[in-house]
$ cat final_25.cif   # mmCIF, C-alpha atoms and all ligand atoms
data_final
#
loop_
_atom_site.label_atom_id
_atom_site.label_comp_id
_atom_site.auth_asym_id
_atom_site.auth_seq_id
_atom_site.Cartn_x
_atom_site.Cartn_y
_atom_site.Cartn_z
CA MET A 1 208.14 137.43 114.34
CA THR A 2 208.22 135.54 117.64
CA THR A 3 204.54 134.97 118.29
CA GLY A 4 202.86 135.33 114.90
CA TRP A 5 199.05 135.62 114.82
CA LYS A 6 197.87 135.75 118.44
CA ALA A 7 194.55 134.31 119.59
CA SER A 8 193.45 135.12 123.13
CA VAL A 9 190.42 133.10 124.15
CA LEU A 10 188.35 134.31 127.10
CA THR A 11 186.39 131.42 128.56
CA ILE A 12 185.20 129.84 131.80
CA LEU A 13 186.32 126.48 130.32
CA PRO A 14 190.04 126.97 129.51
CA ASP A 15 190.58 123.19 129.73
CA MET A 16 188.76 122.86 126.39
CA PHE A 17 191.84 124.43 124.72
CA PRO A 18 193.89 123.77 122.66
CA GLY A 19 191.76 120.65 122.05
CA PRO A 20 191.68 119.94 118.31
CA LEU A 21 193.78 123.07 117.67
CA GLY A 22 196.74 121.20 119.15
CA ALA A 23 196.61 118.51 116.45
CA SER A 24 197.31 118.29 112.75
CA LEU A 25 198.01 121.38 110.68
CA CYS A 26 197.03 123.92 113.38
CA GLY A 27 199.13 122.15 116.00
CA LYS A 28 202.18 122.06 113.74
CA ALA A 29 201.79 125.72 112.81
CA ARG A 30 201.56 126.58 116.50
CA ASP A 31 204.73 124.60 117.27
CA ALA A 32 206.39 126.51 114.42
CA GLY A 33 205.38 129.88 115.92
CA THR A 34 203.07 130.84 113.06
CA TRP A 35 200.37 131.51 115.60
CA SER A 36 199.94 131.37 119.36
CA LEU A 37 197.09 130.61 121.72
CA GLU A 38 196.48 132.18 125.11
CA THR A 39 193.50 131.29 127.28
CA VAL A 40 192.16 133.72 129.84
CA ASP A 41 189.99 132.15 132.54
CA ILE A 42 187.15 134.62 133.00
CA ARG A 43 186.55 133.21 136.48
CA ASP A 44 189.94 134.59 137.60
CA PHE A 45 188.35 138.05 137.35
CA ALA A 46 185.42 137.32 139.65
CA ARG A 47 185.60 139.33 142.84
CA ASP A 48 183.36 137.57 145.34
CA LYS A 49 184.26 134.56 147.47
CA HIS A 50 182.21 132.21 145.26
CA ARG A 51 184.03 133.47 142.14
CA SER A 52 180.69 134.15 140.37
CA VAL A 53 180.79 135.09 136.71
CA ASP A 54 177.03 135.11 136.15
CA ASP A 55 173.84 136.41 137.71
CA THR A 56 170.09 136.32 137.12
CA PRO A 57 168.70 138.23 134.10
CA SER A 58 167.36 141.71 134.83
CA GLY A 59 163.66 141.74 134.00
CA GLY A 60 163.37 138.04 134.72
CA GLY A 61 163.41 135.01 132.49
CA PRO A 62 165.27 131.75 132.28
CA GLY A 63 168.98 131.09 132.73
CA MET A 64 171.84 133.30 133.79
CA VAL A 65 173.76 136.21 132.24
CA MET A 66 177.53 136.77 132.34
CA ARG A 67 178.37 139.83 134.43
CA ALA A 68 179.64 142.95 132.63
CA ASP A 69 182.21 143.81 135.32
CA VAL A 70 183.80 140.35 135.35
CA VAL A 71 183.86 139.99 131.55
CA ASP A 72 185.24 143.52 131.15
CA ALA A 73 188.09 142.84 133.60
CA SER A 74 189.03 139.72 131.62
CA LEU A 75 188.99 141.74 128.38
CA GLU A 76 191.25 144.39 129.90
CA ALA A 77 193.67 141.68 131.08
CA ALA A 78 193.75 140.21 127.55
CA GLY A 79 194.79 143.61 126.19
CA ALA A 80 191.52 144.46 124.43
CA GLY A 81 191.82 147.74 122.51
CA GLN A 82 195.57 147.89 123.08
CA ASP A 83 197.17 146.17 120.11
CA GLY A 84 194.94 146.32 117.03
CA ARG A 85 193.39 142.93 117.56
CA PRO A 86 189.62 142.89 117.06
CA VAL A 87 187.47 141.63 119.92
CA ILE A 88 184.96 139.07 118.72
CA TYR A 89 182.14 137.67 120.83
CA LEU A 90 181.04 134.25 119.61
CA SER A 91 177.28 134.43 119.90
CA PRO A 92 174.26 132.75 118.32
CA ARG A 93 172.93 136.17 117.36
CA GLY A 94 176.14 137.32 115.70
CA ARG A 95 176.72 138.00 112.01
CA PRO A 96 177.39 134.70 110.23
CA LEU A 97 181.11 133.95 109.90
CA THR A 98 182.18 134.08 106.25
CA GLN A 99 185.34 133.19 104.38
CA LYS A 100 185.67 136.91 103.63
CA ARG A 101 185.77 137.79 107.35
CA VAL A 102 188.17 134.88 107.96
CA ARG A 103 190.50 136.28 105.29
CA GLY A 104 190.23 139.73 106.87
CA LEU A 105 191.31 138.30 110.21
CA THR A 106 194.53 136.97 108.68
CA GLU A 107 195.45 140.67 108.13
CA THR A 108 195.10 141.59 111.82
CA PRO A 109 197.77 140.78 114.45
CA GLY A 110 195.38 138.23 115.94
CA ALA A 111 192.02 138.24 117.68
CA ILE A 112 190.54 138.35 121.17
CA LEU A 113 187.73 135.82 121.28
CA LEU A 114 185.09 136.04 123.98
CA CYS A 115 183.21 132.80 124.56
CA GLY A 116 179.78 133.07 126.11
CA ARG A 117 178.15 130.49 128.32
CA PHE A 118 174.68 130.62 129.90
CA GLU A 119 172.23 132.92 128.07
CA GLY A 120 174.98 135.32 127.04
CA VAL A 121 176.94 138.39 128.12
CA ASP A 122 175.51 141.62 129.64
CA GLN A 123 174.79 143.92 126.67
CA ARG A 124 176.58 146.90 128.25
CA VAL A 125 180.06 145.42 127.90
CA ILE A 126 179.35 144.53 124.26
CA GLU A 127 178.38 148.15 123.56
CA ALA A 128 181.04 149.80 125.73
CA ARG A 129 183.81 148.01 123.84
CA ALA A 130 182.06 147.98 120.45
CA ILE A 131 182.50 144.23 120.26
CA GLU A 132 181.79 142.39 117.00
CA GLU A 133 179.40 139.44 117.39
CA VAL A 134 179.90 136.40 115.19
CA SER A 135 177.87 133.18 114.82
CA ILE A 136 179.07 130.02 113.06
CA GLY A 137 175.65 128.92 111.85
CA ASP A 138 172.00 128.38 112.57
CA TYR A 139 172.16 125.61 115.15
CA VAL A 140 172.48 125.76 118.91
CA LEU A 141 175.77 125.03 120.67
CA SER A 142 176.35 124.82 124.43
CA GLY A 143 178.73 127.77 124.39
CA GLY A 144 181.12 129.81 122.29
CA GLU A 145 184.25 127.67 122.77
CA LEU A 146 183.75 125.30 119.83
CA ALA A 147 182.81 128.28 117.66
CA ALA A 148 186.07 130.02 118.67
CA MET A 149 187.97 126.88 117.65
CA VAL A 150 186.21 126.84 114.29
CA LEU A 151 187.13 130.48 113.68
CA ILE A 152 190.77 129.95 114.69
CA ASP A 153 191.08 126.84 112.49
CA ALA A 154 189.68 128.72 109.51
CA VAL A 155 192.14 131.60 110.00
CA VAL A 156 195.24 129.55 110.80
CA ARG A 157 195.07 127.41 107.65
CA LEU A 158 195.31 130.65 105.62
CA LEU A 159 198.39 132.01 107.41
CA PRO A 160 201.56 132.08 105.27
CA GLY A 161 203.35 128.74 105.20
CA VAL A 162 200.59 126.69 106.86
CA MET A 163 199.26 125.04 103.72
CA GLY A 164 200.82 124.45 100.35
CA LYS A 165 200.13 126.86 97.52
CA LYS A 166 197.89 124.29 95.81
CA THR A 167 195.28 124.22 98.57
CA SER A 168 195.07 128.01 98.81
CA GLY A 169 194.07 127.92 95.14
CA ASP A 170 191.23 125.57 96.06
CA GLU A 171 190.08 128.35 98.35
CA GLU A 172 189.53 130.48 95.30
CA SER A 173 187.50 127.80 93.57
CA PHE A 174 185.06 127.80 96.50
CA GLU A 175 184.99 131.56 96.38
CA SER A 176 184.11 131.35 92.68
CA GLY A 177 180.79 130.24 94.09
CA LEU A 178 180.31 126.56 93.26
CA LEU A 179 180.65 123.54 95.52
CA GLU A 180 183.37 121.07 94.65
CA TYR A 181 183.12 118.31 92.07
CA PRO A 182 183.41 114.68 93.31
CA HIS A 183 186.82 113.07 93.81
CA TYR A 184 188.04 109.54 93.00
CA THR A 185 191.24 107.55 93.33
CA ARG A 186 192.41 103.97 92.82
CA PRO A 187 191.33 101.23 92.66
CA GLN A 188 189.70 101.70 89.25
CA THR A 189 186.86 99.37 90.32
CA TRP A 190 185.69 99.21 93.94
CA ALA A 191 182.66 97.28 95.22
CA GLY A 192 181.39 96.97 91.66
CA ARG A 193 181.68 100.72 91.05
CA ASP A 194 183.95 102.18 88.37
CA ILE A 195 185.64 105.58 88.37
CA PRO A 196 183.76 107.67 85.74
CA PRO A 197 185.54 106.77 82.46
CA VAL A 198 186.10 110.43 81.48
CA LEU A 199 188.49 110.83 84.45
CA VAL A 200 190.75 108.07 83.12
CA SER A 201 190.43 109.16 79.44
CA GLY A 202 193.43 111.49 79.49
CA ASN A 203 191.28 114.16 77.79
CA HIS A 204 191.91 117.17 80.00
CA GLY A 205 189.35 119.38 78.29
CA ALA A 206 186.63 116.75 78.74
CA ILE A 207 187.69 116.25 82.38
CA ALA A 208 187.44 119.98 83.15
CA ALA A 209 184.01 120.18 81.45
CA TRP A 210 182.72 117.13 83.37
CA ARG A 211 183.95 118.50 86.70
CA HIS A 212 182.31 121.87 86.03
CA GLU A 213 178.96 120.20 85.20
CA GLN A 214 179.16 118.10 88.36
CA ALA A 215 179.97 121.17 90.46
CA GLU A 216 176.99 122.98 88.96
CA GLU A 217 174.59 120.06 89.56
CA ILE A 218 175.74 119.58 93.17
CA THR A 219 175.43 123.31 93.85
CA ARG A 220 171.98 123.51 92.23
CA SER A 221 170.61 120.62 94.27
CA ARG A 222 172.21 121.32 97.66
CA ARG A 223 172.68 125.08 97.81
CA PRO A 224 170.02 127.03 95.91
CA ASP A 225 171.36 130.20 97.60
CA LEU A 226 174.84 129.75 96.08
CA TRP A 227 173.34 128.65 92.77
CA THR A 228 171.20 131.77 92.42
CA ALA A 229 174.20 133.99 93.20
CA HIS A 230 176.33 132.06 90.69
CA GLU A 231 173.69 132.44 87.96
CA LYS A 232 173.45 136.18 88.59
CA ARG A 233 177.23 136.53 88.33
CA GLN A 234 177.23 134.51 85.12
CA ALA A 235 174.51 136.72 83.61
CA SER A 236 176.37 139.95 84.41
CA THR A 237 179.69 138.51 83.16
CA ASP A 238 178.09 137.41 79.84
CA GLU A 239 176.70 140.92 79.35
CA ASN A 240 180.21 142.36 79.48
CA ASP A 241 181.83 140.08 76.86
C1 LIG B 301 166.88 130.47 123.77
C2 LIG B 301 167.91 131.40 123.29
N1 LIG B 301 169.17 130.73 122.97
C3 LIG B 301 169.71 131.37 121.73
C4 LIG B 301 169.55 130.49 120.54
C5 LIG B 301 170.08 130.89 124.10
C6 LIG B 301 171.45 130.42 123.85
C7 LIG B 301 171.70 129.17 123.31
C8 LIG B 301 173.01 128.73 123.12
C9 LIG B 301 172.50 131.24 124.14
C10 LIG B 301 173.80 130.80 123.96
C11 LIG B 301 174.04 129.56 123.44
C12 LIG B 301 175.42 129.09 123.25
N2 LIG B 301 175.89 129.29 121.86
C13 LIG B 301 176.96 130.00 121.59
O1 LIG B 301 177.59 130.51 122.50
C14 LIG B 301 177.36 130.21 120.22
C15 LIG B 301 176.81 129.75 118.98
C16 LIG B 301 175.69 128.91 118.69
O2 LIG B 301 174.97 128.40 119.55
N3 LIG B 301 175.40 128.67 117.38
C17 LIG B 301 176.15 129.18 116.35
N4 LIG B 301 177.18 129.96 116.57
C18 LIG B 301 177.50 130.23 117.88
S1 LIG B 301 178.76 131.20 118.36
C19 LIG B 301 178.45 131.02 119.95
#
$ encode --input "final_25.cif" --output "structure tokens"
Amino acid sequence: MTTGWKASVLTILPDMFPGPLGASLCGKARDAGTWSLETVDIRDFARDKHRSVDDTPSGGGPGMVMRADVVDASLEAAGAGQDGRPVIYLSPRGRPLTQKRVRGLTETPGAILLCGRFEGVDQRVIEARAIEEVSIGDYVLSGGELAAMVLIDAVVRLLPGVMGKKTSGDEESFESGLLEYPHYTRPQTWAGRDIPPVLVSGNHGAIAAWRHEQAEEITRSRRPDLWTAHEKRQASTDEND
């Protein structure tokens, strides 16, 4: 394939891209043609002399709203609905992005990512094009661009050939529902702290057991939501054997 997975990012701040996506693993995969990035400057689709992309909210209230006509024209130009790529609007009121959705996106030819600024996009264009809304978490960003980069990074690292086989296995360990155990490397003693002796014992059974306990304790203390889900899975698995 010549282009690979294609991300089209619709934004009024195209200069933010590729940004971090041009470096490291994502940058190398892009140079290799595993994926490609196109930015579409929404402002190019404004029709008035001031090139306005936003207007005051109907019904009143603070801030500005991105115009349906301008956003829709940018979506059309990006090929929305023409090539099997889902259109995703990065929005604080979207469904939370999950590893499951990320994995699903690796099976599509790419994605068209609409980045909001101001208070958001006119609801009519979201409905007219049945656009999926996705959030990256419960905190407030200045706009959708960084969220689009997060989504792209998460997808690209899963594309074939981007990471070694070993790291895609570590994917599965997170999906098994526990946070990771702690890691150590040489020197054996640093700043008066030793590596836990079990890790240098050579006893692989004891090492695996220790790591599992640590993963459980870290999950229990930091992520009660994951811990509860893990316990439920354990209970239903035990029932069946
Ligand atoms: C007062 C209402 N605000 C919603 C929380 C308005 C508002 C704040 C920030 C509207 C848009 C934004 C910009 N944020 C995003 O575009 C965004 C986002 C986010 O803020 N948090 C998590 N995920 C995302 S995805 C896009």
$ residues_near_ligand --input "final_25.cif" --ligand "ligand LIG 301 (chain B)" --cutoff "8 Å" --atoms "only C-alpha atoms and all ligand atoms" --output "ChimeraX atom specification"
/A:89-94,96,115-120,134-148
$ residues_around --input "final_25.cif" --residues "Gly27 of chain A" --least-positions-apart "5" --cutoff "12 Å" --atoms "only C-alpha atoms" --output "list in words"
Phe17, Pro18, Gly19, Pro20, Leu21, Gly22, Ala32, Gly33, Thr34, Trp35, Ser36, Leu37, Ile152, Asp153, Val156, Arg157 and Val162 of chain A
$ residues_around --input "final_25.cif" --residues "segment 38-49 of chain A" --least-positions-apart "2" --cutoff "10 Å" --atoms "all atoms listed in the file" --output "VMD selection string"
chain A and resid 6 to 18 36 51 to 54 66 to 67 69 to 75 77 to 78 112 to 115
$ atom_distance --input "final_25.cif" --atom1 "atom CA of Arg85 of chain A" --atom2 "atom CA of Leu105 of chain A"
8.9 Å
$ residues_around --input "final_25.cif" --residues "segment 202-216 of chain A" --least-positions-apart "5" --cutoff "12 Å" --atoms "all atoms listed in the file" --output "JSON, numbers by chain"
{"A": [173, 174, 176, 177, 178, 179, 180, 181, 182, 183, 184, 196, 197, 221, 222, 223, 224, 226, 227, 228, 230, 231]}
$ closest_residue --input "final_25.cif" --among "A:Ala154, A:Gly84, A:Ala128, A:Val121" --to "Gln99 of chain A" --atoms "all atoms listed in the file"
A:Ala154
$ atom_distance --input "final_25.cif" --atom1 "atom CA of Ser201 of chain A" --atom2 "atom CA of Arg186 of chain A"
14.5 Å
$ atom_distance --input "final_25.cif" --atom1 "atom CA of Leu159 of chain A" --atom2 "atom CA of Glu107 of chain A"
9.2 Å
$ closest_residue --input "final_25.cif" --among "A:Arg95, A:Val102, A:Ala68, A:Arg220" --to "Glu127 of chain A" --atoms "all atoms listed in the file"
A:Ala68
